[in-house]
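Peer 1: My structure is stored as input_13.cif, with mmCIF, C-alpha atoms and all ligand atoms.
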```
data_coords
#
loop_
_atom_site.label_atom_id
_atom_site.label_comp_id
_atom_site.auth_asym_id
_atom_site.auth_seq_id
_atom_site.Cartn_x
_atom_site.Cartn_y
_atom_site.Cartn_z
CA MET A 218 -128.70 31.08 163.42
CA LEU A 219 -125.49 30.31 161.50
CA ALA A 220 -127.50 28.78 158.65
CA ARG A 221 -129.73 31.87 158.50
CA ASN A 222 -126.71 34.16 158.32
CA LEU A 223 -125.06 32.08 155.63
CA THR A 224 -128.25 32.19 153.53
CA ARG A 225 -128.33 35.96 153.98
CA ILE A 226 -124.69 36.36 152.96
CA ALA A 227 -125.30 34.17 149.89
CA ARG A 228 -128.34 36.28 148.94
CA LEU A 229 -126.44 39.57 149.37
CA SER A 230 -123.39 38.41 147.49
CA ARG A 231 -125.52 37.53 144.45
CA GLY A 232 -126.26 41.25 144.17
CA PHE A 233 -122.57 42.05 144.15
CA ALA A 234 -121.54 40.19 141.03
CA THR A 235 -118.55 42.17 139.83
CA HIS A 236 -117.08 39.99 137.13
CA ALA A 237 -114.88 41.58 134.53
CA LEU A 238 -116.28 42.70 131.22
CA SER A 239 -116.93 39.77 128.96
CA THR A 240 -114.39 40.87 126.40
CA SER A 241 -115.61 38.75 123.52
CA ALA A 242 -117.95 41.50 122.26
CA SER A 243 -115.64 44.46 122.88
CA LEU A 244 -113.15 46.00 120.48
CA PRO A 245 -109.37 45.96 120.88
CA ALA A 246 -107.89 49.11 122.43
CA VAL A 247 -104.35 50.39 123.03
CA LEU A 248 -103.17 53.17 125.32
CA HIS A 249 -100.11 54.84 123.76
CA LEU A 250 -97.95 57.23 125.77
CA LYS A 251 -95.90 59.95 124.11
CA THR A 252 -92.83 58.52 125.84
CA GLY A 253 -93.08 55.41 123.65
CA GLN A 254 -94.84 52.81 125.84
CA SER A 255 -98.08 51.08 124.69
CA PHE A 256 -100.59 49.02 126.71
CA ALA A 257 -103.01 46.73 124.89
CA GLY A 258 -106.44 45.85 126.33
CA ARG A 259 -110.12 45.81 125.38
CA SER A 260 -112.42 48.76 124.83
CA PHE A 261 -115.58 49.65 126.78
CA GLY A 262 -117.83 52.70 126.63
CA ALA A 263 -117.75 54.75 123.43
CA PRO A 264 -116.02 52.94 120.52
CA LYS A 265 -113.80 55.86 119.54
CA SER A 266 -110.18 57.01 119.83
CA ILE A 267 -109.08 60.14 121.73
CA TRP A 268 -106.04 62.19 122.78
CA GLY A 269 -105.41 63.48 126.31
CA GLU A 270 -103.08 63.98 129.23
CA THR A 271 -102.62 60.69 131.11
CA VAL A 272 -102.96 61.03 134.90
CA PHE A 273 -103.60 58.59 137.73
CA SER A 274 -105.90 58.77 140.73
CA THR A 275 -105.50 56.73 143.91
CA SER A 276 -109.20 57.06 144.82
CA ILE A 277 -110.76 53.80 145.94
CA THR A 278 -114.38 54.98 145.50
CA SER A 279 -116.26 57.80 143.73
CA TYR A 280 -115.33 57.09 140.11
CA THR A 281 -118.65 58.75 139.22
CA GLU A 282 -117.73 61.98 141.07
CA SER A 283 -114.17 62.02 139.70
CA MET A 284 -115.27 61.47 136.11
CA THR A 285 -117.82 64.33 136.28
CA ASP A 286 -115.33 66.74 137.92
CA PRO A 287 -114.71 69.50 135.31
CA SER A 288 -111.09 69.69 136.53
CA TYR A 289 -110.44 66.37 134.71
CA ARG A 290 -111.24 67.98 131.34
CA GLY A 291 -108.80 66.81 128.65
CA GLN A 292 -107.36 64.03 130.82
CA ILE A 293 -107.16 60.25 130.39
CA LEU A 294 -107.87 59.07 133.92
CA VAL A 295 -106.09 55.92 135.15
CA PHE A 296 -107.64 54.40 138.29
CA THR A 297 -105.12 52.64 140.52
CA THR A 298 -107.94 50.73 142.21
CA PRO A 299 -108.23 47.56 140.10
CA LEU A 300 -112.00 47.01 140.10
CA ILE A 301 -114.03 49.97 138.89
CA GLY A 302 -117.76 50.09 138.08
CA ASN A 303 -119.16 47.66 140.64
CA TYR A 304 -121.72 50.10 142.08
CA GLY A 305 -122.80 51.40 138.67
CA VAL A 306 -123.93 54.97 137.98
CA PRO A 307 -126.89 56.79 139.57
CA HIS A 308 -129.57 58.92 137.95
CA ASN A 309 -127.95 62.38 137.79
CA LYS A 310 -130.84 64.82 138.26
CA THR A 311 -132.04 66.58 141.41
CA PRO A 312 -134.24 69.65 141.98
CA VAL A 313 -132.71 73.11 142.19
CA ASP A 314 -133.79 74.46 145.58
CA ASP A 315 -132.36 75.35 148.98
CA LYS A 316 -130.73 71.92 149.29
CA ASP A 317 -129.76 70.82 145.80
CA VAL A 318 -128.21 72.31 142.70
CA GLY A 319 -129.64 70.19 139.86
CA VAL A 320 -127.20 67.26 139.69
CA VAL A 321 -126.26 64.37 141.98
CA LEU A 322 -122.74 64.03 140.57
CA GLU A 323 -120.21 66.84 140.10
CA SER A 324 -121.59 68.09 136.76
CA GLU A 325 -124.07 67.09 134.07
CA ARG A 326 -121.69 64.95 132.00
CA ILE A 327 -118.48 62.96 132.04
CA GLN A 328 -115.65 65.48 131.82
CA CYS A 329 -112.50 63.37 131.49
CA SER A 330 -111.49 62.29 127.96
CA ALA A 331 -111.21 58.56 128.75
CA VAL A 332 -110.80 56.09 131.62
CA VAL A 333 -108.26 53.33 132.10
CA VAL A 334 -109.13 50.48 134.47
CA ALA A 335 -107.58 47.12 135.24
CA ASP A 336 -110.90 45.31 135.51
CA VAL A 337 -114.18 47.01 134.59
CA ALA A 338 -117.27 45.60 136.33
CA GLU A 339 -120.05 45.02 133.82
CA LYS A 340 -122.50 43.86 136.49
CA PHE A 341 -123.25 46.44 139.12
CA SER A 342 -125.24 46.67 142.32
CA HIS A 343 -126.33 49.73 144.26
CA TYR A 344 -129.75 50.98 145.27
CA THR A 345 -129.24 54.24 143.34
CA ALA A 346 -127.66 52.71 140.23
CA VAL A 347 -129.51 52.98 136.92
CA GLU A 348 -126.80 51.89 134.46
CA SER A 349 -123.33 50.40 134.16
CA LEU A 350 -120.12 52.40 133.91
CA SER A 351 -119.74 51.11 130.38
CA SER A 352 -123.18 52.22 129.15
CA TRP A 353 -122.76 55.62 130.87
CA CYS A 354 -119.41 56.11 129.07
CA ALA A 355 -121.01 55.07 125.77
CA ARG A 356 -123.90 57.53 126.21
CA ASN A 357 -121.42 60.34 127.00
CA GLY A 358 -119.14 59.51 124.04
CA VAL A 359 -116.26 58.65 126.38
CA PRO A 360 -114.04 55.63 125.63
CA GLY A 361 -112.50 53.31 128.22
CA ILE A 362 -109.85 50.60 128.19
CA THR A 363 -109.80 47.58 130.49
CA GLY A 364 -107.57 44.57 130.92
CA VAL A 365 -104.37 46.63 131.20
CA ASP A 366 -101.79 46.66 133.99
CA THR A 367 -102.73 49.93 135.70
CA ARG A 368 -100.01 49.40 138.28
CA ALA A 369 -97.33 49.42 135.58
CA ILE A 370 -98.89 52.53 133.96
CA THR A 371 -99.05 54.31 137.33
CA ARG A 372 -95.43 53.52 138.16
CA LEU A 373 -94.41 54.93 134.78
CA LEU A 374 -96.45 58.11 135.27
CA ARG A 375 -95.09 58.50 138.79
CA ASP A 376 -91.50 58.27 137.55
CA GLN A 377 -91.68 60.16 134.26
CA GLY A 378 -94.55 62.49 135.25
CA THR A 379 -97.94 63.15 133.72
CA THR A 380 -97.63 62.11 130.04
CA LEU A 381 -99.59 62.89 126.90
CA GLY A 382 -101.48 59.89 125.59
CA ARG A 383 -103.66 58.45 122.86
CA LEU A 384 -106.35 55.85 123.43
CA ALA A 385 -106.68 54.01 120.12
CA VAL A 386 -109.85 51.93 119.79
CA GLY A 387 -111.04 49.39 117.19
CA ALA A 388 -109.24 49.55 113.83
CA ASP A 389 -107.01 52.38 115.21
CA ALA A 390 -105.63 49.92 117.77
CA SER A 391 -103.81 47.99 115.04
CA PHE A 392 -101.99 51.09 113.73
CA ALA A 393 -98.46 52.04 114.76
CA PRO A 394 -98.20 54.42 117.75
CA PRO A 395 -98.57 58.13 116.88
CA ARG A 396 -95.49 60.24 116.18
CA THR A 397 -94.52 62.41 119.16
CA GLU A 398 -95.47 65.65 117.40
CA GLU A 399 -99.02 64.36 116.85
CA TYR A 400 -99.93 64.28 120.57
CA TRP A 401 -102.50 66.90 121.63
CA ASP A 402 -101.60 68.83 124.79
CA PRO A 403 -104.83 70.01 126.49
CA THR A 404 -102.92 72.43 128.74
CA THR A 405 -102.14 74.65 125.73
CA GLU A 406 -105.88 75.48 125.67
CA ASN A 407 -107.86 77.58 128.11
CA LEU A 408 -109.94 74.66 129.40
CA VAL A 409 -111.53 76.87 132.09
CA ASP A 410 -113.20 78.90 129.37
CA GLN A 411 -114.73 75.66 128.01
CA VAL A 412 -116.34 74.57 131.29
CA SER A 413 -117.21 77.86 133.04
CA THR A 414 -120.77 79.16 132.86
CA LYS A 415 -121.24 81.63 130.00
CA THR A 416 -123.88 83.65 131.83
CA PRO A 417 -124.41 84.40 135.54
CA TYR A 418 -127.11 82.43 137.39
CA GLU A 419 -128.49 82.24 140.92
CA LEU A 420 -129.05 79.43 143.41
CA ASN A 421 -131.11 79.64 146.61
CA PRO A 422 -131.87 83.38 146.14
CA LYS A 423 -133.58 83.54 149.56
CA GLY A 424 -130.36 82.73 151.43
CA ASP A 425 -129.37 85.18 154.20
CA VAL A 426 -125.82 85.80 153.02
CA LYS A 427 -124.92 86.67 149.43
CA ILE A 428 -121.95 84.85 147.95
CA ALA A 429 -120.55 85.38 144.45
CA VAL A 430 -118.82 82.33 142.95
CA LEU A 431 -116.25 82.73 140.18
CA ASP A 432 -116.81 79.56 138.17
CA PHE A 433 -113.56 78.08 136.80
CA GLY A 434 -115.36 74.72 136.43
CA ALA A 435 -117.10 74.43 139.82
CA LYS A 436 -117.93 71.00 141.18
CA ALA A 437 -121.61 70.74 142.10
CA ASN A 438 -120.84 69.79 145.68
CA ILE A 439 -119.05 73.10 146.22
CA LEU A 440 -122.22 74.97 145.23
CA ARG A 441 -124.33 72.51 147.27
CA SER A 442 -122.10 73.02 150.32
CA LEU A 443 -122.71 76.79 150.15
CA VAL A 444 -126.46 76.48 149.47
CA ARG A 445 -127.03 73.93 152.27
CA ARG A 446 -125.42 76.33 154.72
CA GLY A 447 -127.97 78.98 153.80
CA ALA A 448 -126.03 81.07 151.27
CA ALA A 449 -127.66 82.81 148.30
CA VAL A 450 -125.22 82.02 145.50
CA THR A 451 -124.58 83.90 142.25
CA VAL A 452 -122.40 81.92 139.86
CA LEU A 453 -120.32 84.14 137.55
CA PRO A 454 -118.19 83.35 134.46
CA TRP A 455 -114.51 82.89 135.40
CA ASN A 456 -113.40 86.17 133.76
CA PHE A 457 -116.26 88.31 135.06
CA ASP A 458 -114.89 91.40 136.82
CA PHE A 459 -116.39 90.96 140.30
CA ASN A 460 -115.25 94.50 141.20
CA LYS A 461 -118.19 95.87 139.20
CA ILE A 462 -120.77 94.28 141.52
CA ARG A 463 -118.83 93.57 144.72
CA ASP A 464 -120.82 95.99 146.87
CA GLN A 465 -123.88 93.73 146.54
CA TYR A 466 -122.09 90.70 148.06
CA ASP A 467 -121.06 89.49 151.51
CA GLY A 468 -118.33 87.16 150.31
CA LEU A 469 -116.48 85.87 147.24
CA PHE A 470 -115.72 82.23 146.45
CA LEU A 471 -113.33 80.99 143.72
CA SER A 472 -113.92 77.44 142.44
CA ASN A 473 -111.79 74.58 141.15
CA GLY A 474 -111.11 74.28 137.42
CA PRO A 475 -109.13 72.40 134.75
CA GLY A 476 -105.76 73.07 133.13
CA ASP A 477 -102.92 75.48 133.63
CA PRO A 478 -103.77 78.25 136.15
CA ASN A 479 -101.67 80.70 134.15
CA HIS A 480 -104.56 80.87 131.65
CA CYS A 481 -106.53 82.45 134.52
CA MET A 482 -104.18 85.40 134.97
CA PRO A 483 -106.95 87.87 133.90
CA ALA A 484 -109.02 86.63 136.87
CA ALA A 485 -105.98 86.96 139.17
CA LEU A 486 -105.48 90.57 138.06
CA ASN A 487 -109.15 91.41 138.74
CA LEU A 488 -108.81 89.72 142.12
CA ARG A 489 -105.67 91.72 142.94
CA ARG A 490 -107.81 94.85 142.76
CA THR A 491 -110.52 93.21 144.88
CA LEU A 492 -107.92 92.33 147.51
CA GLN A 493 -106.67 95.92 147.57
CA GLU A 494 -110.06 97.59 147.77
CA TRP A 495 -112.50 95.16 149.45
CA ASP A 496 -112.21 93.65 152.93
CA LYS A 497 -114.97 91.02 152.94
CA PRO A 498 -114.18 87.28 153.22
CA ILE A 499 -112.78 85.37 150.21
CA PHE A 500 -112.34 81.60 149.95
CA GLY A 501 -110.84 79.60 147.07
CA ILE A 502 -110.47 75.89 146.34
CA CYS A 503 -107.87 74.28 144.06
CA MET A 504 -107.80 76.48 140.92
CA GLY A 505 -109.45 79.20 143.06
CA HIS A 506 -106.62 78.87 145.59
CA GLN A 507 -104.04 79.12 142.80
CA VAL A 508 -105.73 82.28 141.46
CA ILE A 509 -105.71 83.81 144.96
CA GLY A 510 -102.01 82.94 145.23
CA MET A 511 -101.20 84.50 141.85
CA ALA A 512 -103.15 87.63 142.85
CA ALA A 513 -101.08 87.75 146.05
CA GLY A 514 -97.86 87.58 144.02
CA LEU A 515 -97.03 83.87 144.30
CA GLU A 516 -96.10 81.78 141.30
CA ALA A 517 -97.96 78.65 140.13
CA TYR A 518 -95.78 75.81 138.78
CA ARG A 519 -96.42 72.43 137.17
CA MET A 520 -95.74 69.41 139.41
CA THR A 521 -94.30 66.15 138.09
CA PHE A 522 -97.42 64.00 138.47
CA GLY A 523 -99.69 66.17 140.65
CA ASN A 524 -101.86 64.83 143.46
CA ARG A 525 -105.05 62.95 142.66
CA GLY A 526 -106.88 60.78 145.17
CA HIS A 527 -108.93 60.85 148.31
CA ASN A 528 -106.12 60.04 150.70
CA GLN A 529 -103.78 63.03 150.69
CA PRO A 530 -102.57 64.06 154.17
CA VAL A 531 -102.04 67.78 154.81
CA LEU A 532 -100.56 69.44 157.89
CA ALA A 533 -102.15 72.67 159.17
CA LEU A 534 -99.45 75.26 159.90
CA ALA A 535 -101.85 77.83 161.34
CA SER A 536 -105.17 77.75 163.20
CA SER A 537 -108.27 79.34 161.70
CA GLY A 538 -111.90 78.55 162.52
CA SER A 539 -112.31 74.78 162.71
CA ILE A 540 -108.73 74.14 161.55
CA LYS A 541 -106.12 73.61 164.26
CA ALA A 542 -102.41 74.14 163.71
CA GLY A 543 -100.36 70.96 164.00
CA ARG A 544 -103.17 68.62 163.01
CA VAL A 545 -103.06 66.43 159.93
CA TYR A 546 -106.22 66.30 157.83
CA VAL A 547 -106.90 63.67 155.17
CA THR A 548 -108.10 65.33 151.98
CA SER A 549 -109.34 64.74 148.47
CA GLN A 550 -107.25 66.25 145.70
CA ASN A 551 -107.06 66.59 141.93
CA HIS A 552 -104.35 68.94 140.77
CA GLN A 553 -101.27 69.12 138.57
CA TYR A 554 -100.10 72.62 139.51
CA ALA A 555 -99.26 74.16 142.88
CA LEU A 556 -98.18 77.48 144.35
CA LYS A 557 -94.45 77.87 144.82
CA LEU A 558 -93.27 77.97 148.40
CA GLN A 559 -91.27 81.19 148.50
CA ASP A 560 -89.36 82.74 151.35
CA PRO A 561 -90.46 85.21 152.48
CA PHE A 562 -94.14 84.86 151.65
CA PRO A 563 -95.71 88.07 150.22
CA ALA A 564 -96.50 90.61 152.97
CA GLY A 565 -99.89 89.91 154.55
CA TRP A 566 -99.89 86.19 153.58
CA GLU A 567 -98.78 82.96 155.24
CA PRO A 568 -98.74 79.27 154.35
CA PHE A 569 -101.82 77.58 155.83
CA PHE A 570 -101.33 73.87 154.98
CA ILE A 571 -98.50 71.77 153.62
CA ASN A 572 -98.67 68.31 152.00
CA CYS A 573 -97.19 65.62 154.28
CA ASN A 574 -96.03 63.51 151.30
CA ASP A 575 -94.31 66.03 149.05
CA SER A 576 -94.21 69.27 151.12
CA SER A 577 -96.10 71.20 148.42
CA VAL A 578 -98.16 74.22 149.47
CA GLU A 579 -101.70 73.02 150.29
CA GLY A 580 -103.15 76.29 151.51
CA ILE A 581 -102.48 79.97 152.07
CA LYS A 582 -104.25 82.57 154.18
CA SER A 583 -104.12 86.25 154.93
CA THR A 584 -102.24 86.95 158.16
CA ALA A 585 -104.15 87.92 161.32
CA ASP A 586 -102.71 91.45 161.18
CA SER A 587 -103.46 92.03 157.47
CA GLY A 588 -107.03 93.20 158.03
CA LYS A 589 -108.14 90.61 155.42
CA LYS A 590 -110.06 87.34 155.69
CA VAL A 591 -108.87 85.28 152.78
CA TRP A 592 -108.23 81.52 152.59
CA GLY A 593 -107.17 79.30 149.72
CA VAL A 594 -106.80 75.51 149.82
CA GLN A 595 -105.33 73.24 147.18
CA PHE A 596 -107.45 70.28 148.37
CA HIS A 597 -111.23 69.82 148.27
CA PRO A 598 -112.89 70.29 151.69
CA GLU A 599 -116.29 69.59 150.10
CA SER A 600 -115.25 66.31 148.46
CA ALA A 601 -118.47 64.46 147.59
CA GLY A 602 -116.61 61.16 147.77
CA GLY A 603 -115.03 62.08 151.13
CA PRO A 604 -113.06 62.41 153.30
CA LEU A 605 -114.80 65.29 155.03
CA ASP A 606 -112.12 66.16 157.62
CA THR A 607 -112.11 69.82 156.48
CA ILE A 608 -115.77 70.31 155.45
CA GLU A 609 -116.32 72.81 158.27
CA MET A 610 -114.18 75.31 156.34
CA PHE A 611 -117.42 76.15 154.49
CA THR A 612 -119.15 76.85 157.81
CA ASP A 613 -116.15 78.97 158.91
CA PHE A 614 -116.23 80.97 155.67
CA LEU A 615 -119.95 81.69 155.86
CA ALA A 616 -119.69 82.52 159.58
CA GLU A 617 -117.08 85.16 158.69
CA CYS A 618 -119.32 86.51 155.89
CA ARG A 619 -122.32 86.74 158.26
CA ALA A 620 -120.21 88.33 160.98
CA HIS A 621 -118.86 90.90 158.56
CA LYS A 622 -122.38 91.64 157.36
CA LEU A 623 -123.56 92.20 160.95
CA HIS A 624 -120.33 94.02 161.91
CA LEU A 625 -119.53 91.32 164.46
CA ASN A 626 -116.06 90.29 165.33
CA VAL A 627 -115.58 86.52 165.00
CA PRO A 628 -112.92 85.58 167.56
CA ARG A 629 -109.77 84.65 165.70
CA HIS A 630 -107.54 81.78 166.69
CA GLN A 631 -103.99 82.88 167.23
CA PRO A 632 -101.67 81.35 164.66
CA MET A 633 -99.65 78.66 166.42
CA ASP A 634 -96.20 77.32 165.93
CA ALA A 635 -96.85 73.93 164.28
CA ALA A 636 -93.46 72.62 165.43
CA LYS A 637 -94.48 73.07 169.06
CA VAL A 638 -97.91 71.47 168.59
CA ALA A 639 -96.84 68.31 166.77
CA PRO A 640 -93.07 68.20 166.27
CA GLU A 641 -93.15 64.63 164.94
CA LEU A 642 -95.36 65.73 162.04
CA VAL A 643 -93.27 68.57 160.74
CA HIS A 644 -89.99 66.78 160.15
CA LYS A 645 -90.67 66.88 156.41
CA THR A 646 -91.61 70.52 156.42
CA PRO A 647 -88.95 72.70 154.79
CA GLN A 648 -87.11 74.69 157.44
CA ARG A 649 -88.22 78.05 156.08
CA VAL A 650 -91.91 77.40 156.81
CA ALA A 651 -91.55 75.43 160.03
CA VAL A 652 -92.54 78.50 162.00
CA ALA A 653 -95.83 79.76 160.65
CA ALA A 654 -96.45 82.79 162.76
N1 LIG A 701 -109.04 70.77 140.68
C1 LIG A 701 -108.49 71.91 140.31
O1 LIG A 701 -109.05 73.00 140.46
C2 LIG A 701 -107.14 71.82 139.65
C3 LIG A 701 -106.47 73.14 139.41
C4 LIG A 701 -105.50 73.08 138.25
N2 LIG A 701 -106.19 72.77 137.04
C5 LIG A 701 -104.44 72.03 138.52
O2 LIG A 701 -104.42 71.01 137.87
O3 LIG A 701 -103.62 72.21 139.37
#
```
Rewrite the structure of this file - the entire thing - as C-alpha cells.
Peer 2:
Amino acid sequence: MLARNLTRIARLSRGFATHALSTSASLPAVLHLKTGQSFAGRSFGAPKSIWGETVFSTSITSYTESMTDPSYRGQILVFTTPLIGNYGVPHNKTPVDDKDVGVVLESERIQCSAVVVADVAEKFSHYTAVESLSSWCARNGVPGITGVDTRAITRLLRDQGTTLGRLAVGADASFAPPRTEEYWDPTTENLVDQVSTKTPYELNPKGDVKIAVLDFGAKANILRSLVRRGAAVTVLPWNFDFNKIRDQYDGLFLSNGPGDPNHCMPAALNLRRTLQEWDKPIFGICMGHQVIGMAAGLEAYRMTFGNRGHNQPVLALASSGSIKAGRVYVTSQNHQYALKLQDPFPAGWEPFFINCNDSSVEGIKSTADSGKKVWGVQFHPESAGGPLDTIEMFTDFLAECRAHKLHLNVPRHQPMDAAKVAPELVHKTPQRVAVAA
C-alpha cells in the first residue's frame, strides 16, 4: 500500500516540475524605480523595454486572471508570491452563449505592461494549460523580469507608495537609469477610454431581466456572473449617456476599470441625473463603485499603495440581501484609489463595508429610507480567482431588478449596528462610522 502510494506521488510530482527559468538563454533586465532604486535580473516574455506604474499584488494564485484584468492597464505588476507560472496558461476562448462570454480569462489579452517575479516557472503542469507564462507574455508583447528580490521591491513600494518604473531589457539594461522627468505616468491618460468597448453589444439576449453595463474595462467574470444568473446584458461604452435608453432596462451595472476615477467624471455626472430621475437597482464594482460615489457627492482620492490581492478582509457595516452587518468577508481587490470617508455621508447614502486593514471605504449603499436601491463595492465579489464570500451580491442585485420589474417588494434587512453585532471587529473602525444606521 505504502509502496503504491509512493509510486503515485513520484509520478504526480514529475508533472509538477517548477524549476526556475534556465537563465542562460535569456537577456539581462533591470527594473528601475523613479525613486532611484534598481533591481537587476533576467528577462522572460517579450524582449522589450517598457514604462509603467509599479504595483504589487499579494495574490497567491490567478496570475492569468490578474494579468488579463483591464484594471492593470499601464502597470508593472510585482507578484509577492515567489513562484509564478507553474500551472501555465489555458486556451482563452469560449463560446458566447447563456453561460459564457467568449473568454476564459478576464479579457482577450494581457493588460498589464510587465510582470516582476522572483522565480518564473518555465515548466508548467495543469490539465487546461496550453503554454508557459513566458511564451504567453512573448506572444502578447509583454516583458517580464525574474530573479529579483520581490520582497525588497514590495517593502519599498509599501513604504514609499506606488512608484513609476521602467523595465529595461537587453541592451537597455546596461544603460544608466532614466532621469526622473523621463518616467511615463499612465494615470495622466484616460486609460478607461482605451479599454472600454467602442460600440454597444449584447450578451444572452433571451435573459428575463435586462441589465445595462457601463464598461470602464469590465472583467469577463463580471459579465459571466450576470449572464449565468439569467440576465440579458447590454454592454455600453463608459461615457454613453444611459439616461437616453434607461426606460428599456431593469437595472444598471457599472464595471471596474483602470486609472484615476476622476477621468470618469463625465460618467458620474450622467449617473447623477440617473440617480435623481430613475429608481431601478444600480450596482457598481471598483471603478463603478467610485463613479457611484462621485455621483453621490463623495470624493475619490489616491491611496499610498492601494490594495491588490485576494486576501483583503472587509467588515460589513450594514445588512443587505446576503450580506450581514458585523461579518467580515474575505475579498479580492485591485485598486489604487478609494472614496473618502466623510462625516456626514451625503443624504440618502451610508457606508456599507470598511477595510479591516486600513479602514478605507470598501462599499457604499443607498439608505433604506432613500427610496433607492444602489450598491457600490470597492472589492470584486465576482473574483474569478476567488474568494467568493460575496458572490451572492450578484444574485441579490438581480433579485431586486426582477422584483422591481414585477412590482414586488423584496423584504429589506434592517441596517444593524455593527458595533453591537461584532464589537471585537470594529475596534479599527473610525468612530464616526461605528454606528451605521
Ligand atoms: N479595479 C478597478 O476598477 C480599479 C479602479 C481604479 N482604477 C483604482 O485603481 O482605484
Peer 1: Could you check how far atom N2 of ligand LIG 701 (chain A) sits from atom CA of A:Asn473, in Å to one decimal?
Peer 2: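 Answer for the atom N2 of ligand LIG 701 (chain A) to atom CA of A:Asn473 separation: 7.2 Å.
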Peer 1: Compare A:Val545, A:Val409, A:Ala485, A:Leu623 by their minimum atom-to-atom distance to A:Leu532, counting only C-alpha atoms, and give me the closest one.
Peer 2: A:Val545
Peer 1: Quick one: residues within 9 Å of stretch 565-569 of chain A, all atoms listed in the file counted, chain neighbours fewer than 6 positions away excluded, as a PyMOL selection string?
Peer 2: chain A and resi 513+532-537+542+558+578-589+592-594+650+653-654
Peer 1: Would you mind listing the residues within 8 Å of ligand LIG 701 (chain A), counting only C-alpha atoms and all ligand atoms, as a tab-separated table (two decimals) with C-alpha atoms, keeping the file's coordinate frame?
Peer 2:
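Written out: result38.tsv:
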```tsv
chain	number	residue	atom	x	y	z
A	286	ASP	CA	-115.33	66.74	137.92
A	287	PRO	CA	-114.71	69.50	135.31
A	288	SER	CA	-111.09	69.69	136.53
A	289	TYR	CA	-110.44	66.37	134.71
A	433	PHE	CA	-113.56	78.08	136.80
A	434	GLY	CA	-115.36	74.72	136.43
A	472	SER	CA	-113.92	77.44	142.44
A	473	ASN	CA	-111.79	74.58	141.15
A	474	GLY	CA	-111.11	74.28	137.42
A	475	PRO	CA	-109.13	72.40	134.75
A	476	GLY	CA	-105.76	73.07	133.13
A	477	ASP	CA	-102.92	75.48	133.63
A	478	PRO	CA	-103.77	78.25	136.15
A	502	ILE	CA	-110.47	75.89	146.34
A	503	CYS	CA	-107.87	74.28	144.06
A	504	MET	CA	-107.80	76.48	140.92
A	505	GLY	CA	-109.45	79.20	143.06
A	507	GLN	CA	-104.04	79.12	142.80
A	519	ARG	CA	-96.42	72.43	137.17
A	523	GLY	CA	-99.69	66.17	140.65
A	550	GLN	CA	-107.25	66.25	145.70
A	551	ASN	CA	-107.06	66.59	141.93
A	552	HIS	CA	-104.35	68.94	140.77
A	553	GLN	CA	-101.27	69.12	138.57
A	554	TYR	CA	-100.10	72.62	139.51
A	555	ALA	CA	-99.26	74.16	142.88
A	595	GLN	CA	-105.33	73.24	147.18
A	596	PHE	CA	-107.45	70.28	148.37
A	597	HIS	CA	-111.23	69.82	148.27
```
Peer 1: Select, from A:Lys415, A:Phe611, A:Asp560, A:His343, the residue with the minimum atom-to-atom distance to A:Phe470, counting only C-alpha atoms.
Peer 2: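 Under the stated criterion, the closest residue is A:Phe611.
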Peer 1: For atom CA of A:Gly424 and atom CA of A:Asp315, determine how far apart the two atoms are, in Å to one decimal place.
Peer 2: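 Interatomic distance, atom CA of A:Gly424 to atom CA of A:Asp315: 8.0 Å.
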Peer 1: As a PyMOL selection string, please: the residues near A:Glu406 (cut-off 12 Å, all atoms listed in the file, same-chain neighbours under 4 positions excluded).
Peer 2: chain A and resi 290-291+401-402+410-412+475-481
Peer 1: Would you mind reading off the distance between atom CA of A:Trp455 and atom CA of A:Gly269, one decimal, in Å?
Peer 2: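 Value for the atom CA of A:Trp455-atom CA of A:Gly269 distance: 23.3 Å.
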Peer 1: For A:Ala369, which residue out of A:Val313, A:Tyr418, A:Lys436, A:Gln254 is the nearest one, using all atoms listed in the file?
Peer 2: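 Among the listed residues, the smallest separation from A:Ala369 belongs to A:Gln254.
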Peer 1: Any idea what's packed within 6 Å of stretch 389-397 of chain A, counting all atoms listed in the file, ignoring anything in its chain fewer than 5 positions away? Could you give it as number ranges by chain?
Peer 2: A: 246-247, 251
Peer 1: Could you write out that same residue set with C-alpha atoms as a short mmCIF file (atom, residue, chain, number, x, y, z; two decimals), in the coordinates of the input?
Peer 2:
```
data_model
loop_
_atom_site.label_atom_id
_atom_site.label_comp_id
_atom_site.auth_asym_id
_atom_site.auth_seq_id
_atom_site.Cartn_x
_atom_site.Cartn_y
_atom_site.Cartn_z
CA ALA A 246 -107.89 49.11 122.43
CA VAL A 247 -104.35 50.39 123.03
CA LYS A 251 -95.90 59.95 124.11
#
```
Peer 1: Between A:Ala448, A:Ala437, A:Leu381, A:Val337, which one has atoms that come closest to A:Glu398, using all atoms listed in the file?
Peer 2: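 With all atoms listed in the file as the atom set, the closest residue is A:Leu381.
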Peer 1: Contacts of A:Phe341 at 6 Å or less, counting all atoms listed in the file, minus same-chain residues fewer than 4 places along, as a list in words?
Peer 2: Asn303, Tyr304 and Gly305 of chain A
Peer 1: For stretch 360-365 of chain A, please output as number ranges by chain all residues within 9 Å (counting all atoms listed in the file; exclusion window: fewer than 6 positions along the same chain).
Peer 2: A: 237-238, 240, 245-248, 256-267, 330-337, 351, 354, 384, 386
Peer 1: List as a PyMOL selection string: which residues have an atom within 6 Å of (-114.1, 93.0, 144.8), counting all atoms listed in the file?
Peer 2: chain A and resi 459-460+463+491+495
Peer 1: Could I see stretch 544-548 of chain A restored to N, CA and C atoms, set down as a compact mmCIF listing (two decimals), keeping the file's coordinate frame?
Peer 2:
```txt
# COMPACT_ATOMS: atom_id res chain seq x y z
N ARG A 544 -102.39 69.83 163.30
CA ARG A 544 -103.17 68.62 163.01
C ARG A 544 -102.99 68.22 161.55
N VAL A 545 -103.09 66.93 161.30
CA VAL A 545 -103.06 66.43 159.93
C VAL A 545 -104.49 66.09 159.52
N TYR A 546 -104.88 66.55 158.38
CA TYR A 546 -106.22 66.30 157.83
C TYR A 546 -106.07 65.47 156.57
N VAL A 547 -106.93 64.48 156.40
CA VAL A 547 -106.90 63.67 155.17
C VAL A 547 -107.83 64.34 154.16
N THR A 548 -107.35 64.51 152.95
CA THR A 548 -108.10 65.33 151.98
C THR A 548 -108.21 64.65 150.62
```
